[in-house]
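**Student:** Let me begin by handing over the structure; questions about it come next.
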Amino acid sequence: MHLGHSHDGPAAVSADATRPDGTRRALRIGLGGPVGSGKTATVAALCRELRDRLSIAVVTNDIYTQEDADFLLRQAVLPPERIQAVETGACPHTAIRDDISANLEAVEELEETTGPLDLILVESGGDNLTATFSKGLVDAQIFIIDVAGGDDIPRKGGPGVTTADLLVVNKTDLASYVGSDLERMALDAKKQRGELPVAFTSLTSAEGVGPVADWVRVRLAAWTA
């Protein structure tokens, strides 16, 4: 069932914020980024960090497989019925921006069958720096890059880096091994993004996904206010 949302691209108005019964629906946050940047690992870490206090579900996107959903299921980050997989069959950005129907149906099915939910995470398949989500699908976007991809990525820009509500620079523990300058990345990200926030993370560290989880909590508080 669709709730009267627009299926247009990024310029579309945001999806209806209420369920058919008039109550506030779940906050939807999209996670995008290049292949190997740590999107699925970040989703798993967020579920572990937030699941005790929040009702969460996840939609994953892969082109021809359900690999990311299978990873989350093996990790048991959520009950199986709270994880939905979408096989896009095309470039990942197509299913999160151009034709969001499959993802939107997965999101709405989760709301109907496992709700009421507080938060739905929609993970894109690995894509390039131009990947963005339709506003008819998600309410906020996180874009994840990693230091192993090169410390010039923030400087290169692209809609994913410059316009996402949160930019995550992941795998900071690898910086010294791959010759990436974290201070340079921070300066370049600031230049590209202005006042939009940037979080530096290492999921192997004690702090882990903490900065991203804190940002999600703030967005959720504003959403439910």
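In the structure tokens, the first chain shown is A, the next is B, and so on; residue numbers restart at 1 for each chain, and ligands run from 1 in the order shown.
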Skipping near chain neighbours, those fewer than 6 positions away, what residues fall within 12 Å of A:Lys190 using only C-alpha atoms, listed as an NGL selection string?

**Tutor:** :A and (154-155 or 157 or 161-163 or 166-167 or 183-184 or 196-199)

**Student:** Please provide as a list in words all residues within 7 Å of A:Leu117, with the sequence filter that same-chain residues fewer than 5 positions apart are discarded (counting only C-alpha atoms).

**Tutor:**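 With the cut-off at 7 Å, the set is Ala26, Ser55, Ile56 and Glu111 of chain A.
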
**Student:** List the neighbours of A:Lys39 out to 8 Å using only C-alpha atoms; skip same-chain residues closer than 4 positions along the sequence, and give me the result as a PyMOL selection string.

**Tutor:** chain A and resi 31-33+43+123+144

**Student:** Could you write those residues out with N, CA and C atoms, as a short mmCIF file (atom, residue, chain, number, x, y, z; two decimals), in the first residue's frame?

**Tutor:**
data_model
loop_
_atom_site.label_atom_id
_atom_site.label_comp_id
_atom_site.auth_asym_id
_atom_site.auth_seq_id
_atom_site.Cartn_x
_atom_site.Cartn_y
_atom_site.Cartn_z
N LEU A 31 21.05 5.38 3.95
CA LEU A 31 22.51 5.31 4.03
C LEU A 31 23.06 4.93 2.66
N GLY A 32 23.89 5.80 2.10
CA GLY A 32 24.50 5.55 0.80
C GLY A 32 26.00 5.70 0.88
N GLY A 33 26.67 5.34 -0.23
CA GLY A 33 28.11 5.48 -0.28
C GLY A 33 28.72 4.46 -1.22
N VAL A 43 25.12 0.02 9.51
CA VAL A 43 23.73 -0.33 9.82
C VAL A 43 23.68 -1.34 10.96
N GLU A 123 19.30 1.06 3.37
CA GLU A 123 20.68 1.02 2.90
C GLU A 123 20.73 0.86 1.38
N ILE A 144 28.33 7.68 3.41
CA ILE A 144 29.49 7.08 4.07
C ILE A 144 30.62 6.91 3.07
#

**Student:** Would you mind listing what lies within 10 Å of A:Asp181 as a PyMOL selection string, with only C-alpha atoms counted and same-chain residues fewer than 2 positions away left out?

**Tutor:** chain A and resi 147+150-152+172+175-176+178-179+183-186

**Student:** Keeping only N, CA, C and O atoms, take the residues you just selected and write them out as a JSON list (two decimals), in the first residue's frame.

**Tutor:**
[["chain", "number", "residue", "atom", "x", "y", "z"],
["A", 147, "VAL", "N", 38.42, 6.10, 4.58],
["A", 147, "VAL", "CA", 39.75, 6.67, 4.34],
["A", 147, "VAL", "C", 40.55, 5.84, 3.35],
["A", 147, "VAL", "O", 41.43, 6.37, 2.66],
["A", 150, "GLY", "N", 40.86, 6.98, -0.27],
["A", 150, "GLY", "CA", 41.68, 8.14, -0.61],
["A", 150, "GLY", "C", 41.22, 9.38, 0.13],
["A", 150, "GLY", "O", 40.01, 9.61, 0.28],
["A", 151, "ASP", "N", 42.18, 10.17, 0.63],
["A", 151, "ASP", "CA", 41.79, 11.35, 1.39],
["A", 151, "ASP", "C", 41.36, 12.52, 0.50],
["A", 151, "ASP", "O", 41.05, 13.61, 0.99],
["A", 152, "ASP", "N", 41.32, 12.30, -0.82],
["A", 152, "ASP", "CA", 40.84, 13.33, -1.72],
["A", 152, "ASP", "C", 39.35, 13.25, -1.99],
["A", 152, "ASP", "O", 38.79, 14.11, -2.68],
["A", 172, "THR", "N", 38.67, 5.16, 10.17],
["A", 172, "THR", "CA", 39.78, 6.05, 10.51],
["A", 172, "THR", "C", 40.98, 5.29, 11.06],
["A", 172, "THR", "O", 42.11, 5.81, 11.02],
["A", 175, "ALA", "N", 43.86, 4.96, 8.54],
["A", 175, "ALA", "CA", 44.47, 6.14, 7.93],
["A", 175, "ALA", "C", 45.99, 6.04, 7.83],
["A", 175, "ALA", "O", 46.59, 6.33, 6.78],
["A", 176, "SER", "N", 46.63, 5.62, 8.89],
["A", 176, "SER", "CA", 48.10, 5.57, 8.89],
["A", 176, "SER", "C", 48.63, 4.49, 7.95],
["A", 176, "SER", "O", 49.76, 4.58, 7.46],
["A", 178, "VAL", "N", 47.18, 3.62, 5.01],
["A", 178, "VAL", "CA", 46.93, 3.94, 3.59],
["A", 178, "VAL", "C", 47.37, 5.36, 3.23],
["A", 178, "VAL", "O", 47.16, 5.81, 2.11],
["A", 179, "GLY", "N", 47.99, 6.03, 4.19],
["A", 179, "GLY", "CA", 48.50, 7.37, 3.92],
["A", 179, "GLY", "C", 47.45, 8.45, 3.79],
["A", 179, "GLY", "O", 47.67, 9.44, 3.09],
["A", 183, "GLU", "N", 43.11, 15.18, 9.04],
["A", 183, "GLU", "CA", 42.90, 16.61, 9.19],
["A", 183, "GLU", "C", 42.58, 17.25, 7.85],
["A", 183, "GLU", "O", 41.72, 18.14, 7.74],
["A", 184, "ARG", "N", 43.26, 16.80, 6.82],
["A", 184, "ARG", "CA", 42.99, 17.31, 5.47],
["A", 184, "ARG", "C", 41.57, 16.94, 5.04],
["A", 184, "ARG", "O", 40.85, 17.76, 4.45],
["A", 185, "MET", "N", 41.16, 15.72, 5.34],
["A", 185, "MET", "CA", 39.81, 15.31, 4.99],
["A", 185, "MET", "C", 38.77, 16.15, 5.72],
["A", 185, "MET", "O", 37.75, 16.53, 5.15],
["A", 186, "ALA", "N", 39.03, 16.46, 6.98],
["A", 186, "ALA", "CA", 38.10, 17.28, 7.75],
["A", 186, "ALA", "C", 37.99, 18.68, 7.17],
["A", 186, "ALA", "O", 36.88, 19.24, 7.05]]

**Student:** Skipping near chain neighbours, those fewer than 6 positions away, what residues fall within 8 Å of A:Pro159 using only C-alpha atoms, listed as a list in words?

**Tutor:**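 Listing them by chain and then by number gives Leu129, Thr130, Ala131 and Thr132 of chain A.
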
**Student:** What is the atom CA of A:Val35-atom CA of A:Glu49 distance in Å, reported with one decimal?

**Tutor:**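 These two atoms are separated by 23.4 Å.
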
**Student:** Please list as a PyMOL selection string every residue within 8 Å of stretch 214-222 of chain A, counting only C-alpha atoms and excluding residues in the same chain fewer than 3 positions away.

**Tutor:** chain A and resi 27+118-119+210-211+225

**Student:** Write the selection just made, keeping N, CA, C and O atoms, as an mmCIF file, in the first residue's frame?

**Tutor:**
data_model
loop_
_atom_site.group_PDB
_atom_site.id
_atom_site.type_symbol
_atom_site.label_atom_id
_atom_site.label_comp_id
_atom_site.auth_asym_id
_atom_site.auth_seq_id
_atom_site.Cartn_x
_atom_site.Cartn_y
_atom_site.Cartn_z
ATOM 1 N N LEU A 27 10.607 7.405 11.438
ATOM 2 C CA LEU A 27 11.612 8.211 10.750
ATOM 3 C C LEU A 27 12.376 7.299 9.796
ATOM 4 O O LEU A 27 12.797 6.201 10.164
ATOM 5 N N ASP A 118 9.872 3.069 15.292
ATOM 6 C CA ASP A 118 10.456 4.389 15.511
ATOM 7 C C ASP A 118 11.361 4.800 14.358
ATOM 8 O O ASP A 118 11.423 5.978 13.994
ATOM 9 N N LEU A 119 12.077 3.822 13.792
ATOM 10 C CA LEU A 119 13.135 4.139 12.839
ATOM 11 C C LEU A 119 13.242 3.043 11.784
ATOM 12 O O LEU A 119 13.227 1.853 12.116
ATOM 13 N N GLY A 210 29.214 5.482 17.753
ATOM 14 C CA GLY A 210 28.622 6.460 18.664
ATOM 15 C C GLY A 210 28.246 7.794 18.045
ATOM 16 O O GLY A 210 27.118 8.281 18.234
ATOM 17 N N PRO A 211 29.153 8.445 17.295
ATOM 18 C CA PRO A 211 28.797 9.749 16.716
ATOM 19 C C PRO A 211 27.603 9.685 15.766
ATOM 20 O O PRO A 211 26.794 10.615 15.713
ATOM 21 N N ALA A 225 8.991 15.223 18.043
ATOM 22 C CA ALA A 225 8.567 16.369 18.878
ATOM 23 C C ALA A 225 7.208 16.881 18.425
ATOM 24 O O ALA A 225 6.945 16.969 17.224
#

**Student:** Which residues, written as a PDB file with N, CA, C and O atoms, in the first residue's frame, have at least one atom at most 10 Å from A:Ala17, with only C-alpha atoms counted and residues fewer than 6 positions away on the same chain left out?

**Tutor:**
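Wrote it out as part25.pdb, contents follow:
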ATOM      1  N   LEU A   3       0.999   5.491   0.540  1.00  0.00           N
ATOM      2  CA  LEU A   3       0.248   6.479   1.310  1.00  0.00           C
ATOM      3  C   LEU A   3       0.170   7.817   0.587  1.00  0.00           C
ATOM      4  O   LEU A   3       0.271   8.877   1.178  1.00  0.00           O
ATOM      5  N   HIS A   5       2.380   9.075  -1.582  1.00  0.00           N
ATOM      6  CA  HIS A   5       3.668   9.727  -1.715  1.00  0.00           C
ATOM      7  C   HIS A   5       3.970  10.024  -3.174  1.00  0.00           C
ATOM      8  O   HIS A   5       3.541   9.315  -4.071  1.00  0.00           O
ATOM      9  N   THR A  23      -1.344   8.652  13.245  1.00  0.00           N
ATOM     10  CA  THR A  23      -0.202   8.677  14.149  1.00  0.00           C
ATOM     11  C   THR A  23       1.085   8.914  13.367  1.00  0.00           C
ATOM     12  O   THR A  23       1.149   8.708  12.153  1.00  0.00           O
ATOM     13  N   ARG A  24       2.121   9.329  14.065  1.00  0.00           N
ATOM     14  CA  ARG A  24       3.400   9.623  13.428  1.00  0.00           C
ATOM     15  C   ARG A  24       4.062   8.333  12.960  1.00  0.00           C
ATOM     16  O   ARG A  24       4.195   7.385  13.720  1.00  0.00           O
ATOM     17  N   ARG A  25       4.454   8.271  11.698  1.00  0.00           N
ATOM     18  CA  ARG A  25       5.134   7.085  11.187  1.00  0.00           C
ATOM     19  C   ARG A  25       6.600   7.100  11.594  1.00  0.00           C
ATOM     20  O   ARG A  25       7.101   8.052  12.189  1.00  0.00           O
ATOM     21  N   ALA A  26       7.307   6.030  11.258  1.00  0.00           N
ATOM     22  CA  ALA A  26       8.725   5.918  11.590  1.00  0.00           C
ATOM     23  C   ALA A  26       9.551   6.936  10.819  1.00  0.00           C
ATOM     24  O   ALA A  26       9.247   7.277   9.664  1.00  0.00           O
ATOM     25  N   LEU A  27      10.607   7.405  11.438  1.00  0.00           N
ATOM     26  CA  LEU A  27      11.612   8.211  10.750  1.00  0.00           C
ATOM     27  C   LEU A  27      12.376   7.299   9.796  1.00  0.00           C
ATOM     28  O   LEU A  27      12.797   6.201  10.164  1.00  0.00           O
ATOM     29  N   ARG A  28      12.563   7.741   8.556  1.00  0.00           N
ATOM     30  CA  ARG A  28      13.278   6.948   7.556  1.00  0.00           C
ATOM     31  C   ARG A  28      14.607   7.625   7.240  1.00  0.00           C
ATOM     32  O   ARG A  28      14.637   8.778   6.796  1.00  0.00           O
ATOM     33  N   ASP A 139      13.592  10.564   4.975  1.00  0.00           N
ATOM     34  CA  ASP A 139      13.488  11.885   5.584  1.00  0.00           C
ATOM     35  C   ASP A 139      14.848  12.530   5.803  1.00  0.00           C
ATOM     36  O   ASP A 139      14.943  13.754   5.946  1.00  0.00           O
ATOM     37  N   TRP A 223      12.011  14.624  15.045  1.00  0.00           N
ATOM     38  CA  TRP A 223      10.930  14.012  14.270  1.00  0.00           C
ATOM     39  C   TRP A 223       9.702  13.759  15.130  1.00  0.00           C
ATOM     40  O   TRP A 223       8.570  13.958  14.698  1.00  0.00           O
TER      41      TRP A 223
END

**Student:** What does the distance from atom CA of A:Phe71 to atom CA of A:Arg97 come to in Å, to one decimal?

**Tutor:**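 Atom CA of A:Arg97 lies at a distance of 24.2 Å from atom CA of A:Phe71.
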
**Student:** Of the candidates A:Gly89, A:Val212, A:Ile153, A:Ser205, which one gets nearest to A:Leu50 if we count only C-alpha atoms?

**Tutor:**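 Result for the nearest residue to A:Leu50: A:Val212.
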
**Student:** For each of A:Val107, A:Ile29, A:Ala95, A:Leu46, take the minimum atom-to-atom distance to A:Gly126, counting only C-alpha atoms, then give the residue where this is smallest.

**Tutor:**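 Nearest to A:Gly126: A:Ala95.
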